[in-house]
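Participant: First the structure, then my questions, so here it is.
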Amino acid sequence: MVWDRRSITLTAAGVAAAVALAVAGIIIATHGDTAGHLASAPKPPASPSPSPSPSHKAPLRSPFTGLRVHRLQRVLVTKIGNTFPERPATGLARADIVYLIPVEGGLSRIMAVFSSHYPRVIGPVRSARQTDKDLLRQFGRPAFAWSGAQPQLQWVVQHEWRIVNLYAGTAGGYFRSFNRPEPYNLYANTRTLMKEARHASVARDIGFRFGAPPPGGHHVKSKSVSFPAASFRFTWSLHRHR
């Protein structure tokens, strides 16, 4: 598989700890006497300066990746095509979490979850499935970018699912590329999408735990997964830690 010519990112993100700097102001007062000379103002008795208390605040980390982030941002979930005419996907390497979901005919679709970083453009954006509902609900009320669904399901997704609806038929930011045929050429500008998703949930704990590996098990460098009409190989990059 090719993912923007980069290694696939199952969980990846970034953070910086905030540093506060306090600056004390010194006020100097002067008095003028009748001879026009300046005299120093009386100095108050010196008092010991309290030593600053050490900060024990832990750095903010993404609940999706365990990596540092500046702040917890809103969650954007996108359905992306995964057939040969749709590869390579655009923006996928910026995702925190990537789901590979089997669909009809033994093929697969991608569900990409963004929060730590938003790519400039994502796509090709494809349709929703009933199985998406249970994955989406763990994120609270995420923004969901999708291009359609079966007629019976499309109304349900828009009106009954707990999402900020970014359906391509009503939301702004979508455009067609000229280098691929329809329906494999629908892309979205994430900045425009997120302007319409101001009330989407921010990243929250969904059960991931990060740290040293538990006892037992063994190291693997890659893992392969096969569906009837699609196969995948996930390879760990020691250099990129992803």
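Each chain in the structure tokens gets a letter, A, B and so on, in the order shown; residues start at 1 in every chain, and ligands are counted from 1 in the order they appear.
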Using only C-alpha atoms, find each residue of stretch 186-223 of chain A with at least one atom at most 12 Å away from an atom of stretch 99-117 of chain A; report its shortest atom-to-atom pair and that distance in Å (one decimal), sort the rows by chain and rising residue number, and return the result as a tab-separated table.
Facilitator:
residue	atom	partner	partner_atom	distance
A:Thr190	CA	A:Phe114	CA	10.1
A:Arg191	CA	A:His117	CA	11.5
A:Met194	CA	A:Ser115	CA	10.9
A:Ala200	CA	A:Ser115	CA	10.9
A:Ser201	CA	A:Ser115	CA	10.0
A:Val202	CA	A:Ser115	CA	7.7
A:Ala203	CA	A:Ser115	CA	6.5
A:Arg204	CA	A:Ser115	CA	10.1
Participant: Report as JSON, numbers by chain all protein, DNA and RNA residues lying within 7 Å of stretch 139-147 of chain A, evaluated on only C-alpha atoms, omitting residues in the same chain fewer than 5 positions from it.
Facilitator: {"A": [75, 76, 77, 78, 79, 125, 126, 127, 128, 162, 163, 164, 165, 166, 167, 168, 197, 200, 201, 204]}
Participant: Restricting it to N, CA, C and O atoms, dump the selection as a PDB file, in the first residue's frame.
Facilitator:
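What landed in result_27.pdb:
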ATOM      1  N   VAL A  75     -12.254  16.880  17.019  1.00  0.00           N
ATOM      2  CA  VAL A  75     -12.035  15.624  16.299  1.00  0.00           C
ATOM      3  C   VAL A  75     -12.721  15.693  14.940  1.00  0.00           C
ATOM      4  O   VAL A  75     -13.920  15.987  14.844  1.00  0.00           O
ATOM      5  N   LEU A  76     -11.956  15.410  13.901  1.00  0.00           N
ATOM      6  CA  LEU A  76     -12.479  15.321  12.535  1.00  0.00           C
ATOM      7  C   LEU A  76     -12.281  13.895  12.045  1.00  0.00           C
ATOM      8  O   LEU A  76     -11.160  13.388  12.026  1.00  0.00           O
ATOM      9  N   VAL A  77     -13.364  13.241  11.668  1.00  0.00           N
ATOM     10  CA  VAL A  77     -13.322  11.875  11.157  1.00  0.00           C
ATOM     11  C   VAL A  77     -13.751  11.901   9.694  1.00  0.00           C
ATOM     12  O   VAL A  77     -14.743  12.542   9.339  1.00  0.00           O
ATOM     13  N   THR A  78     -12.998  11.207   8.857  1.00  0.00           N
ATOM     14  CA  THR A  78     -13.249  11.233   7.410  1.00  0.00           C
ATOM     15  C   THR A  78     -13.252   9.824   6.846  1.00  0.00           C
ATOM     16  O   THR A  78     -12.387   9.019   7.175  1.00  0.00           O
ATOM     17  N   LYS A  79     -14.237   9.528   5.977  1.00  0.00           N
ATOM     18  CA  LYS A  79     -14.222   8.280   5.225  1.00  0.00           C
ATOM     19  C   LYS A  79     -13.428   8.508   3.950  1.00  0.00           C
ATOM     20  O   LYS A  79     -13.677   9.458   3.208  1.00  0.00           O
ATOM     21  N   VAL A 125     -12.753  11.550  -0.474  1.00  0.00           N
ATOM     22  CA  VAL A 125     -13.809  11.347   0.512  1.00  0.00           C
ATOM     23  C   VAL A 125     -14.869  10.427  -0.088  1.00  0.00           C
ATOM     24  O   VAL A 125     -15.328  10.633  -1.208  1.00  0.00           O
ATOM     25  N   ARG A 126     -15.267   9.416   0.704  1.00  0.00           N
ATOM     26  CA  ARG A 126     -16.242   8.446   0.211  1.00  0.00           C
ATOM     27  C   ARG A 126     -17.416   8.313   1.166  1.00  0.00           C
ATOM     28  O   ARG A 126     -17.548   9.053   2.131  1.00  0.00           O
ATOM     29  N   SER A 127     -18.261   7.333   0.920  1.00  0.00           N
ATOM     30  CA  SER A 127     -19.554   7.228   1.584  1.00  0.00           C
ATOM     31  C   SER A 127     -19.483   6.521   2.935  1.00  0.00           C
ATOM     32  O   SER A 127     -18.525   5.812   3.248  1.00  0.00           O
ATOM     33  N   ALA A 128     -20.529   6.736   3.734  1.00  0.00           N
ATOM     34  CA  ALA A 128     -20.643   6.150   5.063  1.00  0.00           C
ATOM     35  C   ALA A 128     -21.284   4.771   4.988  1.00  0.00           C
ATOM     36  O   ALA A 128     -21.942   4.415   4.014  1.00  0.00           O
ATOM     37  N   ARG A 162     -24.980  10.905  16.262  1.00  0.00           N
ATOM     38  CA  ARG A 162     -24.466  11.989  17.114  1.00  0.00           C
ATOM     39  C   ARG A 162     -23.147  12.492  16.519  1.00  0.00           C
ATOM     40  O   ARG A 162     -22.056  12.114  16.951  1.00  0.00           O
ATOM     41  N   ILE A 163     -23.253  13.330  15.518  1.00  0.00           N
ATOM     42  CA  ILE A 163     -22.098  13.867  14.803  1.00  0.00           C
ATOM     43  C   ILE A 163     -22.346  15.336  14.483  1.00  0.00           C
ATOM     44  O   ILE A 163     -23.481  15.807  14.543  1.00  0.00           O
ATOM     45  N   VAL A 164     -21.275  16.045  14.152  1.00  0.00           N
ATOM     46  CA  VAL A 164     -21.409  17.312  13.450  1.00  0.00           C
ATOM     47  C   VAL A 164     -21.366  16.955  11.973  1.00  0.00           C
ATOM     48  O   VAL A 164     -20.336  16.490  11.461  1.00  0.00           O
ATOM     49  N   ASN A 165     -22.465  17.118  11.302  1.00  0.00           N
ATOM     50  CA  ASN A 165     -22.635  16.599   9.949  1.00  0.00           C
ATOM     51  C   ASN A 165     -21.892  17.443   8.914  1.00  0.00           C
ATOM     52  O   ASN A 165     -22.209  18.616   8.704  1.00  0.00           O
ATOM     53  N   LEU A 166     -20.895  16.833   8.260  1.00  0.00           N
ATOM     54  CA  LEU A 166     -20.162  17.497   7.176  1.00  0.00           C
ATOM     55  C   LEU A 166     -20.367  16.722   5.876  1.00  0.00           C
ATOM     56  O   LEU A 166     -19.428  16.391   5.150  1.00  0.00           O
ATOM     57  N   TYR A 167     -21.627  16.449   5.589  1.00  0.00           N
ATOM     58  CA  TYR A 167     -21.991  15.742   4.361  1.00  0.00           C
ATOM     59  C   TYR A 167     -21.616  16.594   3.146  1.00  0.00           C
ATOM     60  O   TYR A 167     -21.872  17.803   3.109  1.00  0.00           O
ATOM     61  N   ALA A 168     -21.019  15.950   2.162  1.00  0.00           N
ATOM     62  CA  ALA A 168     -20.528  16.682   0.988  1.00  0.00           C
ATOM     63  C   ALA A 168     -21.641  17.370   0.212  1.00  0.00           C
ATOM     64  O   ALA A 168     -21.385  18.335  -0.522  1.00  0.00           O
ATOM     65  N   ALA A 197     -17.633  23.234  11.877  1.00  0.00           N
ATOM     66  CA  ALA A 197     -17.684  22.205  12.920  1.00  0.00           C
ATOM     67  C   ALA A 197     -17.227  22.773  14.256  1.00  0.00           C
ATOM     68  O   ALA A 197     -16.493  22.120  14.996  1.00  0.00           O
ATOM     69  N   ALA A 200     -17.902  20.584  17.436  1.00  0.00           N
ATOM     70  CA  ALA A 200     -17.460  19.193  17.489  1.00  0.00           C
ATOM     71  C   ALA A 200     -16.711  18.931  18.794  1.00  0.00           C
ATOM     72  O   ALA A 200     -16.113  19.833  19.391  1.00  0.00           O
ATOM     73  N   SER A 201     -16.736  17.700  19.253  1.00  0.00           N
ATOM     74  CA  SER A 201     -16.046  17.313  20.478  1.00  0.00           C
ATOM     75  C   SER A 201     -14.539  17.415  20.306  1.00  0.00           C
ATOM     76  O   SER A 201     -14.004  17.166  19.218  1.00  0.00           O
ATOM     77  N   ARG A 204     -10.651  13.107  23.509  1.00  0.00           N
ATOM     78  CA  ARG A 204     -10.865  12.662  24.879  1.00  0.00           C
ATOM     79  C   ARG A 204     -10.382  11.225  25.022  1.00  0.00           C
ATOM     80  O   ARG A 204     -10.079  10.546  24.033  1.00  0.00           O
TER      81      ARG A 204
END
Participant: Could you pull the residues within 10 Å of A:Thr90, counting only C-alpha atoms, minus those fewer than 4 positions along the same chain, as a PDB file with all heavy atoms, in the first residue's frame?
Facilitator:
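Output saved as around17.pdb:
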ATOM      1  N   TRP A   3       0.839   5.240   1.149  1.00  0.00           N
ATOM      2  CA  TRP A   3       0.138   6.260   1.945  1.00  0.00           C
ATOM      3  C   TRP A   3       0.899   7.555   1.809  1.00  0.00           C
ATOM      4  O   TRP A   3       1.800   7.824   2.575  1.00  0.00           O
ATOM      5  CB  TRP A   3       0.046   5.858   3.404  1.00  0.00           C
ATOM      6  CG  TRP A   3      -0.500   4.500   3.639  1.00  0.00           C
ATOM      7  CD1 TRP A   3       0.191   3.336   3.793  1.00  0.00           C
ATOM      8  CD2 TRP A   3      -1.874   4.144   3.757  1.00  0.00           C
ATOM      9  NE1 TRP A   3      -0.663   2.310   3.997  1.00  0.00           N
ATOM     10  CE2 TRP A   3      -1.927   2.769   3.983  1.00  0.00           C
ATOM     11  CE3 TRP A   3      -3.070   4.869   3.703  1.00  0.00           C
ATOM     12  CZ2 TRP A   3      -3.113   2.087   4.153  1.00  0.00           C
ATOM     13  CZ3 TRP A   3      -4.233   4.180   3.871  1.00  0.00           C
ATOM     14  CH2 TRP A   3      -4.253   2.812   4.092  1.00  0.00           C
ATOM     15  N   ASP A   4       0.579   8.359   0.809  1.00  0.00           N
ATOM     16  CA  ASP A   4       1.296   9.609   0.574  1.00  0.00           C
ATOM     17  C   ASP A   4       2.809   9.369   0.507  1.00  0.00           C
ATOM     18  O   ASP A   4       3.610  10.201   0.914  1.00  0.00           O
ATOM     19  CB  ASP A   4       1.018  10.627   1.698  1.00  0.00           C
ATOM     20  CG  ASP A   4      -0.342  11.248   1.523  1.00  0.00           C
ATOM     21  OD1 ASP A   4      -0.955  11.014   0.464  1.00  0.00           O
ATOM     22  OD2 ASP A   4      -0.785  11.966   2.415  1.00  0.00           O
ATOM     23  N   ILE A  80     -12.467   7.628   3.692  1.00  0.00           N
ATOM     24  CA  ILE A  80     -11.559   7.769   2.554  1.00  0.00           C
ATOM     25  C   ILE A  80     -11.574   6.483   1.740  1.00  0.00           C
ATOM     26  O   ILE A  80     -11.558   5.381   2.294  1.00  0.00           O
ATOM     27  CB  ILE A  80     -10.125   8.091   3.025  1.00  0.00           C
ATOM     28  CG1 ILE A  80     -10.109   9.434   3.758  1.00  0.00           C
ATOM     29  CG2 ILE A  80      -9.143   8.108   1.865  1.00  0.00           C
ATOM     30  CD1 ILE A  80      -8.750   9.821   4.314  1.00  0.00           C
ATOM     31  N   GLU A  86      -8.072   5.158  -6.221  1.00  0.00           N
ATOM     32  CA  GLU A  86      -8.097   6.200  -5.187  1.00  0.00           C
ATOM     33  C   GLU A  86      -6.772   6.357  -4.450  1.00  0.00           C
ATOM     34  O   GLU A  86      -6.637   7.209  -3.578  1.00  0.00           O
ATOM     35  CB  GLU A  86      -9.192   5.860  -4.165  1.00  0.00           C
ATOM     36  CG  GLU A  86     -10.567   5.842  -4.806  1.00  0.00           C
ATOM     37  CD  GLU A  86     -11.608   5.192  -3.908  1.00  0.00           C
ATOM     38  OE1 GLU A  86     -11.441   4.020  -3.531  1.00  0.00           O
ATOM     39  OE2 GLU A  86     -12.609   5.871  -3.596  1.00  0.00           O
ATOM     40  N   ARG A  94      -1.234  12.449   8.385  1.00  0.00           N
ATOM     41  CA  ARG A  94      -1.445  13.363   9.505  1.00  0.00           C
ATOM     42  C   ARG A  94      -2.472  12.829  10.501  1.00  0.00           C
ATOM     43  O   ARG A  94      -2.722  13.466  11.526  1.00  0.00           O
ATOM     44  CB  ARG A  94      -1.916  14.725   8.993  1.00  0.00           C
ATOM     45  CG  ARG A  94      -1.002  15.378   7.982  1.00  0.00           C
ATOM     46  CD  ARG A  94       0.287  15.848   8.614  1.00  0.00           C
ATOM     47  NE  ARG A  94       0.113  17.109   9.313  1.00  0.00           N
ATOM     48  CZ  ARG A  94       1.063  17.693  10.033  1.00  0.00           C
ATOM     49  NH1 ARG A  94       2.238  17.114  10.154  1.00  0.00           N
ATOM     50  NH2 ARG A  94       0.849  18.845  10.643  1.00  0.00           N
ATOM     51  N   PRO A 119      -4.533  17.911   8.118  1.00  0.00           N
ATOM     52  CA  PRO A 119      -3.890  18.164   6.830  1.00  0.00           C
ATOM     53  C   PRO A 119      -4.606  19.288   6.105  1.00  0.00           C
ATOM     54  O   PRO A 119      -5.745  19.628   6.419  1.00  0.00           O
ATOM     55  CB  PRO A 119      -4.047  16.831   6.093  1.00  0.00           C
ATOM     56  CG  PRO A 119      -5.274  16.233   6.689  1.00  0.00           C
ATOM     57  CD  PRO A 119      -5.296  16.665   8.132  1.00  0.00           C
ATOM     58  N   ARG A 120      -3.963  19.879   5.140  1.00  0.00           N
ATOM     59  CA  ARG A 120      -4.602  20.958   4.379  1.00  0.00           C
ATOM     60  C   ARG A 120      -5.762  20.420   3.554  1.00  0.00           C
ATOM     61  O   ARG A 120      -6.820  21.042   3.466  1.00  0.00           O
ATOM     62  CB  ARG A 120      -3.576  21.647   3.477  1.00  0.00           C
ATOM     63  CG  ARG A 120      -4.109  22.890   2.767  1.00  0.00           C
ATOM     64  CD  ARG A 120      -3.017  23.563   1.960  1.00  0.00           C
ATOM     65  NE  ARG A 120      -2.504  22.707   0.904  1.00  0.00           N
ATOM     66  CZ  ARG A 120      -3.056  22.610  -0.308  1.00  0.00           C
ATOM     67  NH1 ARG A 120      -4.125  23.335  -0.613  1.00  0.00           N
ATOM     68  NH2 ARG A 120      -2.543  21.811  -1.213  1.00  0.00           N
ATOM     69  N   VAL A 121      -5.560  19.248   2.948  1.00  0.00           N
ATOM     70  CA  VAL A 121      -6.576  18.613   2.101  1.00  0.00           C
ATOM     71  C   VAL A 121      -6.656  17.138   2.475  1.00  0.00           C
ATOM     72  O   VAL A 121      -5.641  16.508   2.782  1.00  0.00           O
ATOM     73  CB  VAL A 121      -6.224  18.758   0.602  1.00  0.00           C
ATOM     74  CG1 VAL A 121      -7.182  17.950  -0.274  1.00  0.00           C
ATOM     75  CG2 VAL A 121      -6.237  20.230   0.192  1.00  0.00           C
ATOM     76  N   ILE A 122      -7.866  16.589   2.461  1.00  0.00           N
ATOM     77  CA  ILE A 122      -8.046  15.160   2.694  1.00  0.00           C
ATOM     78  C   ILE A 122      -8.886  14.566   1.575  1.00  0.00           C
ATOM     79  O   ILE A 122      -9.713  15.242   0.961  1.00  0.00           O
ATOM     80  CB  ILE A 122      -8.732  14.885   4.043  1.00  0.00           C
ATOM     81  CG1 ILE A 122     -10.026  15.701   4.180  1.00  0.00           C
ATOM     82  CG2 ILE A 122      -7.801  15.162   5.198  1.00  0.00           C
ATOM     83  CD1 ILE A 122     -10.804  15.407   5.436  1.00  0.00           C
ATOM     84  N   GLY A 123      -8.656  13.273   1.316  1.00  0.00           N
ATOM     85  CA  GLY A 123      -9.459  12.599   0.310  1.00  0.00           C
ATOM     86  C   GLY A 123      -8.733  11.417  -0.313  1.00  0.00           C
ATOM     87  O   GLY A 123      -7.598  11.127   0.039  1.00  0.00           O
ATOM     88  N   PRO A 124      -9.389  10.758  -1.247  1.00  0.00           N
ATOM     89  CA  PRO A 124     -10.747  11.023  -1.732  1.00  0.00           C
ATOM     90  C   PRO A 124     -11.812  10.636  -0.709  1.00  0.00           C
ATOM     91  O   PRO A 124     -11.770   9.552  -0.140  1.00  0.00           O
ATOM     92  CB  PRO A 124     -10.852  10.155  -2.989  1.00  0.00           C
ATOM     93  CG  PRO A 124      -9.856   9.060  -2.785  1.00  0.00           C
ATOM     94  CD  PRO A 124      -8.749   9.639  -1.979  1.00  0.00           C
ATOM     95  N   VAL A 125     -12.753  11.550  -0.474  1.00  0.00           N
ATOM     96  CA  VAL A 125     -13.809  11.347   0.512  1.00  0.00           C
ATOM     97  C   VAL A 125     -14.869  10.427  -0.088  1.00  0.00           C
ATOM     98  O   VAL A 125     -15.328  10.633  -1.208  1.00  0.00           O
ATOM     99  CB  VAL A 125     -14.434  12.693   0.923  1.00  0.00           C
ATOM    100  CG1 VAL A 125     -15.531  12.476   1.959  1.00  0.00           C
ATOM    101  CG2 VAL A 125     -13.357  13.630   1.463  1.00  0.00           C
ATOM    102  N   TYR A 187     -12.436  15.673  -2.892  1.00  0.00           N
ATOM    103  CA  TYR A 187     -11.513  16.046  -1.814  1.00  0.00           C
ATOM    104  C   TYR A 187     -12.134  17.177  -0.998  1.00  0.00           C
ATOM    105  O   TYR A 187     -13.113  17.804  -1.406  1.00  0.00           O
ATOM    106  CB  TYR A 187     -10.163  16.478  -2.388  1.00  0.00           C
ATOM    107  CG  TYR A 187      -9.431  15.344  -3.061  1.00  0.00           C
ATOM    108  CD1 TYR A 187      -9.713  15.001  -4.386  1.00  0.00           C
ATOM    109  CD2 TYR A 187      -8.469  14.608  -2.384  1.00  0.00           C
ATOM    110  CE1 TYR A 187      -9.055  13.943  -5.007  1.00  0.00           C
ATOM    111  CE2 TYR A 187      -7.809  13.560  -2.992  1.00  0.00           C
ATOM    112  CZ  TYR A 187      -8.100  13.230  -4.300  1.00  0.00           C
ATOM    113  OH  TYR A 187      -7.453  12.188  -4.904  1.00  0.00           O
ATOM    114  N   ALA A 188     -11.530  17.450   0.173  1.00  0.00           N
ATOM    115  CA  ALA A 188     -12.075  18.489   1.043  1.00  0.00           C
ATOM    116  C   ALA A 188     -10.953  19.319   1.647  1.00  0.00           C
ATOM    117  O   ALA A 188      -9.895  18.792   2.003  1.00  0.00           O
ATOM    118  CB  ALA A 188     -12.921  17.877   2.150  1.00  0.00           C
TER     119      ALA A 188
END
Participant: Which distance in Å separates atom CA of A:Arg74 and atom CA of A:Asn189, to one decimal?
Facilitator: 15.7 Å
Participant: Which residue gives the smallest distance to A:Asn185 among A:Arg198, A:His241, A:Arg87, A:Arg233, with only C-alpha atoms counted?
Facilitator: A:Arg87
Participant: Would you mind reading off the distance between atom CA of A:Leu67 and atom CA of A:Asp96, one decimal, in Å?
Facilitator: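 The value is 10.0 Å.
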Participant: If you measure from atom CA of A:Thr131 to atom CA of A:Leu186, what distance in Å do you get, rounded to one decimal?
Facilitator: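 Those two atoms sit 21.8 Å apart.
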Participant: Need the shell around A:Trp236: protein/DNA/RNA residues with any atom at most 8 Å away, counting only C-alpha atoms. Skip same-chain ones fewer than 3 positions apart. Format as a list in words?
Facilitator: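 Listing them by chain and then by number gives Lys221, Ser222, His241 and Arg242 of chain A.
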